[in-house]
Structure formats: structure tokens, C-alpha cells
>>> print(open('structure19.cif').read())   # mmCIF, C-alpha atoms
data_target
loop_
_atom_site.group_PDB
_atom_site.id
_atom_site.type_symbol
_atom_site.label_atom_id
_atom_site.label_comp_id
_atom_site.auth_asym_id
_atom_site.auth_seq_id
_atom_site.Cartn_x
_atom_site.Cartn_y
_atom_site.Cartn_z
ATOM 1 C CA MET L 1 17.904 21.224 26.676
ATOM 2 C CA ARG L 2 16.425 23.978 24.526
ATOM 3 C CA LEU L 3 13.741 24.619 27.140
ATOM 4 C CA PHE L 4 16.384 24.621 29.886
ATOM 5 C CA TRP L 5 18.519 27.234 28.137
ATOM 6 C CA LEU L 6 15.547 29.430 27.226
ATOM 7 C CA THR L 7 14.410 29.328 30.846
ATOM 8 C CA THR L 8 17.941 30.149 32.026
ATOM 9 C CA VAL L 9 18.150 33.198 29.752
ATOM 10 C CA ALA L 10 14.740 34.420 30.920
ATOM 11 C CA MET L 11 15.745 34.040 34.588
ATOM 12 C CA ALA L 12 19.000 35.900 33.875
ATOM 13 C CA ALA L 13 16.977 38.743 32.342
ATOM 14 C CA PHE L 14 14.773 38.945 35.437
ATOM 15 C CA ALA L 15 17.825 39.020 37.695
ATOM 16 C CA ALA L 16 19.393 41.708 35.518
ATOM 17 C CA ASN L 17 16.303 43.866 36.035
ATOM 18 C CA SER L 18 16.884 43.785 39.792
ATOM 19 C CA VAL L 19 20.525 44.806 39.386
ATOM 20 C CA LEU L 20 19.704 47.559 36.889
ATOM 21 C CA ASN L 21 16.997 48.894 39.191
ATOM 22 C CA ARG L 22 19.349 48.956 42.184
ATOM 23 C CA MET L 23 22.084 50.636 40.129
ATOM 24 C CA ALA L 24 19.669 53.290 38.871
ATOM 25 C CA VAL L 25 18.327 54.091 42.340
ATOM 26 C CA THR L 26 21.684 54.067 44.137
ATOM 27 C CA GLN L 27 24.347 55.076 41.626
ATOM 28 C CA GLY L 28 22.037 56.920 39.228
ATOM 29 C CA ALA L 29 20.018 58.729 41.940
ATOM 30 C CA MET L 30 16.821 57.684 40.136
ATOM 31 C CA ASP L 31 13.393 57.820 41.725
ATOM 32 C CA PRO L 32 12.011 54.223 41.727
ATOM 33 C CA VAL L 33 8.631 55.157 40.245
ATOM 34 C CA ASP L 34 10.275 57.311 37.560
ATOM 35 C CA PHE L 35 12.447 54.305 36.746
ATOM 36 C CA ALA L 36 9.329 52.114 36.375
ATOM 37 C CA VAL L 37 7.674 54.654 34.064
ATOM 38 C CA LEU L 38 10.674 55.008 31.761
ATOM 39 C CA ARG L 39 11.293 51.257 31.851
ATOM 40 C CA LEU L 40 7.803 50.443 30.597
ATOM 41 C CA VAL L 41 7.749 53.177 27.946
ATOM 42 C CA ALA L 42 11.149 52.052 26.601
ATOM 43 C CA GLY L 43 9.971 48.459 26.523
ATOM 44 C CA ALA L 44 6.772 49.411 24.679
ATOM 45 C CA LEU L 45 8.706 51.387 22.043
ATOM 46 C CA ALA L 46 11.246 48.618 21.447
ATOM 47 C CA LEU L 47 8.631 45.871 21.253
ATOM 48 C CA GLY L 48 6.352 47.950 19.048
ATOM 49 C CA LEU L 49 9.176 48.592 16.570
ATOM 50 C CA LEU L 50 10.127 44.910 16.497
ATOM 51 C CA VAL L 51 6.550 43.776 15.872
ATOM 52 C CA ALA L 52 6.097 46.381 13.118
ATOM 53 C CA TRP L 53 9.424 45.474 11.488
ATOM 54 C CA ARG L 54 9.070 41.703 11.378
ATOM 55 C CA ARG L 55 6.834 39.733 9.054
ATOM 56 C CA GLY L 56 3.820 38.491 10.933
ATOM 57 C CA PRO L 57 0.728 39.610 12.835
ATOM 58 C CA VAL L 58 0.961 42.947 14.616
ATOM 59 C CA TRP L 59 -1.920 42.492 17.042
ATOM 60 C CA ALA L 60 -2.082 39.449 19.329
ATOM 61 C CA GLY L 61 -5.817 39.757 20.028
ATOM 62 C CA TRP L 62 -7.656 40.609 23.207
ATOM 63 C CA SER L 63 -7.383 37.189 24.832
ATOM 64 C CA GLY L 64 -5.224 37.519 27.953
ATOM 65 C CA ARG L 65 -4.684 41.255 27.504
ATOM 66 C CA ALA L 66 -6.656 42.434 30.543
ATOM 67 C CA ALA L 67 -4.852 40.049 32.908
ATOM 68 C CA GLY L 68 -1.488 40.708 31.248
ATOM 69 C CA VAL L 69 -1.726 44.500 31.483
ATOM 70 C CA PHE L 70 -3.111 44.436 35.028
ATOM 71 C CA GLY L 71 -0.420 42.012 36.204
ATOM 72 C CA LEU L 72 2.352 44.004 34.517
ATOM 73 C CA LEU L 73 1.297 47.303 36.091
ATOM 74 C CA LEU L 74 0.767 45.768 39.517
ATOM 75 C CA TYR L 75 4.238 44.208 39.387
ATOM 76 C CA LEU L 76 6.089 47.291 38.112
ATOM 77 C CA PHE L 77 4.655 49.823 40.520
ATOM 78 C CA GLY L 78 4.360 47.484 43.492
ATOM 79 C CA PHE L 79 8.023 46.561 43.170
ATOM 80 C CA SER L 80 9.167 50.141 42.638
ATOM 81 C CA LEU L 81 7.261 51.549 45.602
ATOM 82 C CA ALA L 82 8.321 48.726 47.924
ATOM 83 C CA TYR L 83 11.970 48.959 46.930
ATOM 84 C CA VAL L 84 12.480 52.265 48.745
ATOM 85 C CA ASP L 85 11.834 50.982 52.281
ATOM 86 C CA LEU L 86 12.264 47.209 52.022
ATOM 87 C CA ALA L 87 15.561 45.342 52.298
ATOM 88 C CA ALA L 88 16.556 43.557 49.106
ATOM 89 C CA GLY L 89 16.661 40.074 50.646
ATOM 90 C CA ILE L 90 13.287 40.336 52.362
ATOM 91 C CA GLY L 91 11.824 41.872 49.218
ATOM 92 C CA ALA L 92 13.059 38.968 47.109
ATOM 93 C CA LEU L 93 11.535 36.463 49.501
ATOM 94 C CA ILE L 94 8.148 38.180 49.509
ATOM 95 C CA LEU L 95 8.121 38.792 45.746
ATOM 96 C CA PHE L 96 9.073 35.352 44.489
ATOM 97 C CA GLY L 97 7.297 33.593 47.318
ATOM 98 C CA MET L 98 4.053 35.247 46.232
ATOM 99 C CA VAL L 99 4.840 34.477 42.583
ATOM 100 C CA GLN L 100 5.171 30.805 43.438
ATOM 101 C CA VAL L 101 1.954 30.779 45.483
ATOM 102 C CA THR L 102 0.048 32.569 42.710
ATOM 103 C CA MET L 103 1.280 30.291 39.943
ATOM 104 C CA PHE L 104 0.750 27.115 41.936
ATOM 105 C CA ALA L 105 -2.792 28.319 42.622
ATOM 106 C CA GLY L 106 -3.215 28.907 38.890
ATOM 107 C CA ALA L 107 -1.947 25.395 38.179
ATOM 108 C CA VAL L 108 -4.402 23.862 40.645
ATOM 109 C CA LEU L 109 -7.332 25.889 39.275
ATOM 110 C CA ALA L 110 -6.367 24.876 35.716
ATOM 111 C CA ARG L 111 -6.191 21.250 36.901
ATOM 112 C CA GLU L 112 -2.601 20.810 35.796
ATOM 113 C CA ASP L 113 -0.914 17.565 36.739
ATOM 114 C CA VAL L 114 1.436 18.532 39.599
ATOM 115 C CA PRO L 115 3.455 15.432 40.572
ATOM 116 C CA VAL L 116 4.899 14.836 44.022
ATOM 117 C CA THR L 117 8.438 15.651 42.877
ATOM 118 C CA ARG L 118 7.310 19.107 41.815
ATOM 119 C CA TRP L 119 5.769 19.820 45.202
ATOM 120 C CA LEU L 120 8.922 18.546 46.906
ATOM 121 C CA GLY L 121 11.159 20.650 44.654
ATOM 122 C CA ALA L 122 9.055 23.738 45.258
ATOM 123 C CA GLY L 123 9.177 23.215 49.010
ATOM 124 C CA LEU L 124 12.938 22.636 48.995
ATOM 125 C CA ALA L 125 13.641 25.711 46.866
ATOM 126 C CA PHE L 126 11.346 27.896 48.951
ATOM 127 C CA ALA L 127 12.895 26.645 52.201
ATOM 128 C CA GLY L 128 16.380 27.491 50.930
ATOM 129 C CA LEU L 129 15.251 30.962 49.955
ATOM 130 C CA VAL L 130 13.585 31.532 53.342
ATOM 131 C CA TRP L 131 16.790 30.524 55.107
ATOM 132 C CA LEU L 132 18.892 32.777 52.872
ATOM 133 C CA VAL L 133 16.874 35.947 53.414
ATOM 134 C CA SER L 134 15.409 35.284 56.867
ATOM 135 C CA PRO L 135 15.043 38.596 58.721
ATOM 136 C CA ALA L 136 16.922 37.297 61.821
ATOM 137 C CA GLY L 137 14.685 39.234 64.150
ATOM 138 C CA GLN L 138 14.586 42.465 62.125
ATOM 139 C CA ALA L 139 11.235 44.228 61.877
ATOM 140 C CA VAL L 140 9.645 44.266 58.430
ATOM 141 C CA ALA L 141 7.704 47.386 57.433
ATOM 142 C CA LEU L 142 4.090 46.387 56.806
ATOM 143 C CA VAL L 143 3.192 48.731 53.931
ATOM 144 C CA PRO L 144 6.297 48.056 51.779
ATOM 145 C CA ALA L 145 5.914 44.323 52.456
ATOM 146 C CA ALA L 146 2.301 44.480 51.285
ATOM 147 C CA MET L 147 3.368 46.346 48.148
ATOM 148 C CA MET L 148 6.000 43.726 47.362
ATOM 149 C CA ALA L 149 3.462 40.970 47.957
ATOM 150 C CA ALA L 150 1.130 42.719 45.510
ATOM 151 C CA ALA L 151 3.993 42.882 43.008
ATOM 152 C CA GLY L 152 4.497 39.125 43.366
ATOM 153 C CA VAL L 153 0.809 38.469 42.742
ATOM 154 C CA GLY L 154 0.977 40.791 39.737
ATOM 155 C CA TRP L 155 3.925 38.955 38.193
ATOM 156 C CA GLY L 156 2.222 35.634 38.841
ATOM 157 C CA ILE L 157 -0.915 36.865 37.056
ATOM 158 C CA TYR L 158 1.194 38.196 34.169
ATOM 159 C CA SER L 159 2.948 34.843 33.819
ATOM 160 C CA LEU L 160 -0.321 32.891 33.955
ATOM 161 C CA ALA L 161 -1.791 35.165 31.274
ATOM 162 C CA GLY L 162 1.036 34.105 28.948
ATOM 163 C CA ARG L 163 0.173 30.403 28.987
ATOM 164 C CA GLY L 164 -2.094 30.713 25.956
ATOM 165 C CA ALA L 165 0.047 33.165 23.979
ATOM 166 C CA ARG L 166 0.359 31.943 20.385
ATOM 167 C CA ASP L 167 2.612 34.845 19.409
ATOM 168 C CA PRO L 168 4.787 35.697 22.447
ATOM 169 C CA LEU L 169 6.380 38.800 20.909
ATOM 170 C CA ALA L 170 3.084 40.310 19.779
ATOM 171 C CA ALA L 171 1.430 39.429 23.102
ATOM 172 C CA THR L 172 4.211 41.064 25.114
ATOM 173 C CA ALA L 173 4.185 44.148 22.879
ATOM 174 C CA ALA L 174 0.415 44.445 23.279
ATOM 175 C CA ASN L 175 0.663 44.239 27.076
ATOM 176 C CA PHE L 176 3.356 46.931 27.203
ATOM 177 C CA CYS L 177 1.635 49.267 24.728
ATOM 178 C CA LEU L 178 -1.763 48.985 26.430
ATOM 179 C CA ALA L 179 -0.100 49.823 29.759
ATOM 180 C CA VAL L 180 1.521 52.996 28.368
ATOM 181 C CA PRO L 181 -1.509 55.323 28.915
ATOM 182 C CA VAL L 182 -1.530 54.386 32.596
ATOM 183 C CA VAL L 183 2.168 55.102 33.114
ATOM 184 C CA LEU L 184 1.909 58.335 31.129
ATOM 185 C CA ALA L 185 -0.823 59.447 33.535
ATOM 186 C CA VAL L 186 1.500 58.578 36.430
ATOM 187 C CA ALA L 187 4.337 60.471 34.721
ATOM 188 C CA TRP L 188 2.156 63.565 34.274
ATOM 189 C CA TRP L 189 1.233 63.389 37.957
ATOM 190 C CA ARG L 190 4.665 62.936 39.535
ATOM 191 C CA LEU L 191 7.554 62.690 37.018
ATOM 192 C CA ASP L 192 10.175 65.360 37.749
ATOM 193 C CA VAL L 193 12.301 65.748 34.624
ATOM 194 C CA ALA L 194 14.770 68.006 36.439
ATOM 195 C CA ASN L 195 15.739 65.141 38.765
ATOM 196 C CA LEU L 196 16.467 62.646 35.978
ATOM 197 C CA THR L 197 20.098 61.666 35.488
ATOM 198 C CA GLY L 198 21.811 60.366 32.371
ATOM 199 C CA LEU L 199 22.892 57.155 34.083
ATOM 200 C CA GLY L 200 19.449 56.537 35.560
ATOM 201 C CA VAL L 201 17.671 57.118 32.249
ATOM 202 C CA GLY L 202 20.158 54.922 30.393
ATOM 203 C CA LEU L 203 19.652 52.058 32.865
ATOM 204 C CA ALA L 204 15.872 52.447 32.658
ATOM 205 C CA VAL L 205 15.970 52.263 28.856
ATOM 206 C CA LEU L 206 18.264 49.221 28.956
ATOM 207 C CA SER L 207 16.009 47.512 31.469
ATOM 208 C CA GLY L 208 12.850 48.338 29.527
ATOM 209 C CA ALA L 209 14.001 47.604 25.986
ATOM 210 C CA VAL L 210 16.226 44.576 26.594
ATOM 211 C CA THR L 211 15.911 42.762 29.918
ATOM 212 C CA SER L 212 12.190 43.558 30.322
ATOM 213 C CA GLY L 213 10.819 43.708 26.775
ATOM 214 C CA MET L 214 12.903 40.903 25.278
ATOM 215 C CA GLY L 215 13.035 38.954 28.539
ATOM 216 C CA TYR L 216 9.267 39.011 28.990
ATOM 217 C CA ALA L 217 8.680 37.995 25.366
ATOM 218 C CA LEU L 218 11.025 35.045 25.902
ATOM 219 C CA TRP L 219 9.190 34.195 29.124
ATOM 220 C CA TYR L 220 5.920 34.000 27.183
ATOM 221 C CA VAL L 221 7.653 31.458 24.934
ATOM 222 C CA VAL L 222 8.747 29.390 27.923
ATOM 223 C CA VAL L 223 5.651 29.450 30.177
ATOM 224 C CA PRO L 224 3.357 27.324 27.960
ATOM 225 C CA GLN L 225 6.058 24.619 27.805
ATOM 226 C CA LEU L 226 6.833 24.681 31.522
ATOM 227 C CA GLY L 227 3.303 24.896 32.854
ATOM 228 C CA ALA L 228 2.265 27.150 35.711
ATOM 229 C CA ALA L 229 3.712 25.054 38.547
ATOM 230 C CA ARG L 230 7.200 24.562 37.074
ATOM 231 C CA ALA L 231 7.308 28.172 35.874
ATOM 232 C CA GLY L 232 6.573 29.367 39.406
ATOM 233 C CA VAL L 233 9.333 27.244 40.910
ATOM 234 C CA ALA L 234 11.866 28.198 38.233
ATOM 235 C CA GLN L 235 11.577 31.842 39.240
ATOM 236 C CA LEU L 236 12.822 31.061 42.745
ATOM 237 C CA SER L 237 16.286 30.952 41.157
ATOM 238 C CA VAL L 238 16.119 34.666 40.326
ATOM 239 C CA PRO L 239 17.096 35.977 43.809
ATOM 240 C CA ILE L 240 20.163 33.717 43.711
ATOM 241 C CA LEU L 241 21.171 35.007 40.277
ATOM 242 C CA ALA L 242 20.510 38.591 41.366
ATOM 243 C CA ALA L 243 22.674 38.121 44.464
ATOM 244 C CA VAL L 244 25.566 36.813 42.349
ATOM 245 C CA ALA L 245 25.203 39.711 39.907
ATOM 246 C CA GLY L 246 25.056 42.154 42.813
ATOM 247 C CA ALA L 247 28.313 40.736 44.172
ATOM 248 C CA LEU L 248 30.004 41.086 40.793
ATOM 249 C CA TRP L 249 28.798 44.534 39.766
ATOM 250 C CA LEU L 250 27.654 46.217 42.977
ATOM 251 C CA GLU L 251 30.254 44.667 45.311
ATOM 252 C CA GLU L 252 27.601 43.216 47.603
ATOM 253 C CA PRO L 253 29.190 40.593 49.878
ATOM 254 C CA LEU L 254 28.422 36.861 49.660
ATOM 255 C CA GLY L 255 29.191 34.371 52.430
ATOM 256 C CA TRP L 256 28.912 30.689 53.241
ATOM 257 C CA ARG L 257 25.229 31.121 54.074
ATOM 258 C CA PHE L 258 24.563 32.220 50.516
ATOM 259 C CA MET L 259 26.561 29.340 49.025
ATOM 260 C CA VAL L 260 24.626 26.709 50.984
ATOM 261 C CA ALA L 261 21.254 28.332 50.329
ATOM 262 C CA ALA L 262 22.037 28.670 46.607
ATOM 263 C CA ALA L 263 22.768 24.944 46.371
ATOM 264 C CA VAL L 264 19.485 24.116 48.150
ATOM 265 C CA VAL L 265 17.403 26.495 46.011
ATOM 266 C CA LEU L 266 18.891 25.418 42.695
ATOM 267 C CA GLY L 267 18.602 21.760 43.706
ATOM 268 C CA GLY L 268 14.928 22.251 44.456
ATOM 269 C CA VAL L 269 14.392 24.071 41.176
ATOM 270 C CA GLY L 270 16.113 21.246 39.309
ATOM 271 C CA LEU L 271 13.901 18.657 41.011
ATOM 272 C CA ALA L 272 10.730 20.589 40.207
ATOM 273 C CA ILE L 273 11.742 21.253 36.600
ATOM 274 C CA VAL L 274 12.042 17.515 35.800
ATOM 275 C CA LYS L 275 9.343 16.807 33.264
ATOM 276 C CA ARG L 276 8.386 13.353 34.504
ATOM 277 C CA PRO L 277 7.851 12.425 38.158
ATOM 278 C CA LEU L 278 10.122 9.879 39.789
ATOM 279 C CA ARG L 279 8.921 6.305 39.576
ATOM 280 C CA ARG L 280 7.906 4.673 42.791
#
>>> encode(input="structure19.cif", output="C-alpha cells")
Amino acid sequence: MRLFWLTTVAMAAFAANSVLNRMAVTQGAMDPVDFAVLRLVAGALALGLLVAWRRGPVWAGWSGRAAGVFGLLLYLFGFSLAYVDLAAGIGALILFGMVQVTMFAGAVLAREDVPVTRWLGAGLAFAGLVWLVSPAGQAVALVPAAMMAAAGVGWGIYSLAGRGARDPLAATAANFCLAVPVVLAVAWWRLDVANLTGLGVGLAVLSGAVTSGMGYALWYVVVPQLGAARAGVAQLSVPILAAVAGALWLEEPLGWRFMVAAAVVLGGVGLAIVKRPLRR
């Protein structure tokens, strides 16, 4: 039950990031890349202060840092750039579909035991998500779709890099802090301070310090216990949670299609999360 609740909180944090990003871009008139820059810097500052304040090691070591930093940057900027021209539903499908593919590939390469029930649960959850956000004949822009796919691969790599984290908080702080020079270079190149709004900056700081920084640290606690395959499937619940949050706070409509798809996705996630496979 502890693992279930920790996973639930982490998924809620990921969903909150989507809502905060949409609010910043729409209501806060925030440029998506500027949002990503401020989000990462805020997360690095908050995590750095927490690691310095607590009693324990400050540096998590170099193991997993290269993959963690690369995956984090690929996810943040891929998602931000794709978000401008890609519909939210299609973006969610591409993002978390690629996350699942990446993490299942990582599980196979690491020779994890992936029982039949986990494959069935993953397939059921993915099928429900496909049905929910199917384009219904709408054209999908190739470049934004490729960027969102890259973001999904990046988040999958970031999650896989956390499997061996002995100190999740220090590991997350190290990833964020090592990524700061890159985002500062991006900020110097294109950040327009005059176009920043109070609401947009506040949402970026909230997303970076709380739902990203704390959420990602919690995720690094959860991933080693879930394993790559179950962690990949669990994240398919995020678009459902984000859709519910969008309906509550952004007044985005939900219909019967969403209700049915949500039941299918969450049922598949529940089947895949079961620790032991069903007996034959």
C-alpha cells in the first residue's frame, strides 16, 4: 500500500505539471521554452537548498548523472517545443506511449522478469489511451509529433537512470543542477524578460520547485521498487489524471468517451502493477 500511495502521489505531480504548463501558456501568456527554463532553474534551487539543509550526503556521485541530465533536458525542451503546435490529447498519447516503449525496452535489456499479466496490462492501458486520444482523421504535424516523441524517450531515459539511485533526493538535485548551465545558455539566447508575466513566472516556479523537483525525487524513490516495466505502465495513468484536473481547473469538457477510456486505462495499470503474476 505504501508503494501504491507513493506512486499515486508521483503520478499526480506529473499530471499537475501538465496543468500548470497549460495554465502558464494560456492564462499566463508564457512562452513554453521560457516556462521550461524557469521551471528547471526553480527546481534546481529548491532541491539544492533541501540537500544542503538536511543531514546527509550532498553529492549523489556520477553514476547515472549523464543519462539523468540528458533525459531531463530532452524531456523538458521536447515537451515545451511540441506543446505549441500539438493538440493536448495527441501529445499525451505520443509522450506516454514513447515512455512506455522506452521503459519496456529498458526492462528487456536489463533482463527484468516481465510476466504475462504485465504485458496484458500494458496493452490494455495503452489501447484505452489510444482510443481516448485517437485523432479521428485529423492531421498530426510531423515536427511537433517528433519533438513530443523525443520528450517521451527523454523521460523514459530519465526514469531508467533512477533505478540505481541510493539517495533519490541527492540524485534528483544533481540532475537538475547539472542541467542548469544548459538552460542558462538557452535563456541567454532567447529569454525575453519583458514578455514574462507574474502569473506565468509563479506557475513556473511552482512547477519547478514542487511538482517537478519534489515529484521527480519521489519518482526516484518509487522506480527501483516498481521496476522499469511497471513504472512505464503506471505513467499511462497521467493523461487521465491531467484530463480530470483540466476539467476541474481549466473547464475542459469530459464526456462518456473519457469515462470509458479512463476505466480501461486504470484497469490495465492496476493489472500491470500487480507484483505477482496470476497463477495458471
>>> residues_near_point(input="structure19.cif", point="(7.3, 60.6, 38.2)", cutoff="9 Å", atoms="only C-alpha atoms", output="number ranges by chain")
L: 31-37, 186-193
>>> resolve_selection(input="structure19.cif", expression="the PyMOL selection byres ((chain L and resi 68) around 8)", output="JSON list (two decimals) with C-alpha atoms, keeping the file's coordinate frame")
[["chain", "number", "residue", "atom", "x", "y", "z"],
["L", 64, "GLY", "CA", -5.22, 37.52, 27.95],
["L", 65, "ARG", "CA", -4.68, 41.26, 27.50],
["L", 66, "ALA", "CA", -6.66, 42.43, 30.54],
["L", 67, "ALA", "CA", -4.85, 40.05, 32.91],
["L", 69, "VAL", "CA", -1.73, 44.50, 31.48],
["L", 70, "PHE", "CA", -3.11, 44.44, 35.03],
["L", 71, "GLY", "CA", -0.42, 42.01, 36.20],
["L", 72, "LEU", "CA", 2.35, 44.00, 34.52],
["L", 157, "ILE", "CA", -0.92, 36.86, 37.06],
["L", 158, "TYR", "CA", 1.19, 38.20, 34.17],
["L", 159, "SER", "CA", 2.95, 34.84, 33.82],
["L", 161, "ALA", "CA", -1.79, 35.16, 31.27],
["L", 162, "GLY", "CA", 1.04, 34.10, 28.95],
["L", 175, "ASN", "CA", 0.66, 44.24, 27.08]]
>>> residues_around(input="structure19.cif", residues="stretch 235-245 of chain L", least_positions_apart="4", cutoff="7 Å", atoms="only C-alpha atoms", output="number ranges by chain")
L: 11-12, 14-16, 18-19, 92, 96, 125, 231, 249, 262, 265-266
>>> resolve_selection(input="structure19.cif", expression="the PyMOL selection byres ((chain L and resi 57) around 12)", output="list in words")
Gly48, Leu50, Val51, Ala52, Trp53, Arg54, Arg55, Gly56, Val58, Trp59, Ala60, Gly61, Arg166, Asp167, Pro168, Leu169, Ala170, Ala171, Ala173 and Ala174 of chain L
>>> atom_distance(input="structure19.cif", atom1="atom CA of L:Glu112", atom2="atom CA of L:Gln225")
12.4 Å
>>> closest_atom_pairs(input="structure19.cif", of="stretch 23-66 of chain L", to="stretch 201-222 of chain L", cutoff="8 Å", atoms="only C-alpha atoms", output="JSON lines")
{"residue": "L:Met23", "atom": "CA", "partner": "L:Leu203", "partner_atom": "CA", "distance": 7.8}
{"residue": "L:Ala24", "atom": "CA", "partner": "L:Leu203", "partner_atom": "CA", "distance": 6.1}
{"residue": "L:Met30", "atom": "CA", "partner": "L:Val201", "partner_atom": "CA", "distance": 8.0}
{"residue": "L:Phe35", "atom": "CA", "partner": "L:Ala204", "partner_atom": "CA", "distance": 5.6}
{"residue": "L:Ala36", "atom": "CA", "partner": "L:Ala204", "partner_atom": "CA", "distance": 7.5}
{"residue": "L:Leu38", "atom": "CA", "partner": "L:Ala204", "partner_atom": "CA", "distance": 5.9}
{"residue": "L:Arg39", "atom": "CA", "partner": "L:Gly208", "partner_atom": "CA", "distance": 4.0}
{"residue": "L:Leu40", "atom": "CA", "partner": "L:Gly208", "partner_atom": "CA", "distance": 5.6}
{"residue": "L:Val41", "atom": "CA", "partner": "L:Gly208", "partner_atom": "CA", "distance": 7.2}
{"residue": "L:Ala42", "atom": "CA", "partner": "L:Gly208", "partner_atom": "CA", "distance": 5.0}
{"residue": "L:Gly43", "atom": "CA", "partner": "L:Ala209", "partner_atom": "CA", "distance": 4.2}
{"residue": "L:Ala44", "atom": "CA", "partner": "L:Gly213", "partner_atom": "CA", "distance": 7.3}
{"residue": "L:Leu45", "atom": "CA", "partner": "L:Ala209", "partner_atom": "CA", "distance": 7.6}
{"residue": "L:Ala46", "atom": "CA", "partner": "L:Ala209", "partner_atom": "CA", "distance": 5.4}
{"residue": "L:Leu47", "atom": "CA", "partner": "L:Gly213", "partner_atom": "CA", "distance": 6.3}
>>> atom_distance(input="structure19.cif", atom1="atom CA of L:Leu74", atom2="atom CA of L:Leu95")
11.9 Å
>>> closest_residue(input="structure19.cif", among="L:Ala247, L:Leu196, L:Ala149, L:Val99", to="L:Phe77", atoms="only C-alpha atoms")
L:Ala149
>>> atom_distance(input="structure19.cif", atom1="atom CA of L:Leu76", atom2="atom CA of L:Ala179")
10.7 Å
>>> resolve_selection(input="structure19.cif", expression="the PyMOL selection byres ((chain L and resi 152) around 9)", output="list in words")
Leu74, Tyr75, Gly78, Phe79, Ile94, Leu95, Phe96, Gly97, Met98, Val99, Gln100, Val101, Thr102, Met147, Met148, Ala149, Ala150, Ala151, Val153, Gly154, Trp155, Gly156 and Ile157 of chain L
>>> closest_residue(input="structure19.cif", among="L:Val9, L:Val182, L:Leu248, L:Leu199", to="L:Gly28", atoms="only C-alpha atoms")
L:Leu199
>>> decode(input="structure19.cif", residues="stretch 161-167 of chain L", atoms="all heavy atoms", output="short mmCIF file (atom, residue, chain, number, x, y, z; two decimals), in the first residue's frame")
data_model
loop_
_atom_site.label_atom_id
_atom_site.label_comp_id
_atom_site.auth_asym_id
_atom_site.auth_seq_id
_atom_site.Cartn_x
_atom_site.Cartn_y
_atom_site.Cartn_z
N ALA L 161 17.33 5.89 -15.52
CA ALA L 161 18.55 6.29 -14.82
C ALA L 161 18.36 6.30 -13.31
O ALA L 161 19.33 6.22 -12.55
CB ALA L 161 19.00 7.68 -15.30
N GLY L 162 17.10 6.40 -12.86
CA GLY L 162 16.83 6.46 -11.43
C GLY L 162 16.72 5.11 -10.75
O GLY L 162 16.55 5.04 -9.53
N ARG L 163 16.83 4.01 -11.51
CA ARG L 163 16.66 2.70 -10.91
C ARG L 163 17.73 2.39 -9.87
O ARG L 163 17.47 1.69 -8.89
CB ARG L 163 16.68 1.61 -11.99
CG ARG L 163 15.44 1.60 -12.87
CD ARG L 163 15.51 0.50 -13.90
NE ARG L 163 16.66 0.68 -14.79
CZ ARG L 163 16.99 -0.17 -15.75
NH1 ARG L 163 16.28 -1.27 -15.95
NH2 ARG L 163 18.03 0.06 -16.53
N GLY L 164 18.94 2.90 -10.07
CA GLY L 164 20.01 2.61 -9.12
C GLY L 164 20.28 3.72 -8.13
O GLY L 164 21.32 3.71 -7.46
N ALA L 165 19.37 4.68 -8.02
CA ALA L 165 19.60 5.82 -7.12
C ALA L 165 19.50 5.39 -5.66
O ALA L 165 18.44 4.96 -5.21
CB ALA L 165 18.59 6.93 -7.42
N ARG L 166 20.58 5.51 -4.93
CA ARG L 166 20.57 5.18 -3.50
C ARG L 166 20.03 6.34 -2.66
O ARG L 166 19.49 6.12 -1.57
CB ARG L 166 21.99 4.82 -3.04
CG ARG L 166 22.55 3.57 -3.72
CD ARG L 166 23.93 3.25 -3.21
NE ARG L 166 24.45 2.02 -3.83
CZ ARG L 166 25.65 1.51 -3.56
NH1 ARG L 166 26.44 2.13 -2.68
NH2 ARG L 166 26.04 0.41 -4.16
N ASP L 167 20.24 7.55 -3.15
CA ASP L 167 19.74 8.74 -2.46
C ASP L 167 18.90 9.52 -3.47
O ASP L 167 19.43 10.36 -4.21
CB ASP L 167 20.92 9.58 -1.96
CG ASP L 167 20.48 10.74 -1.07
OD1 ASP L 167 19.32 11.19 -1.21
OD2 ASP L 167 21.27 11.18 -0.23
#
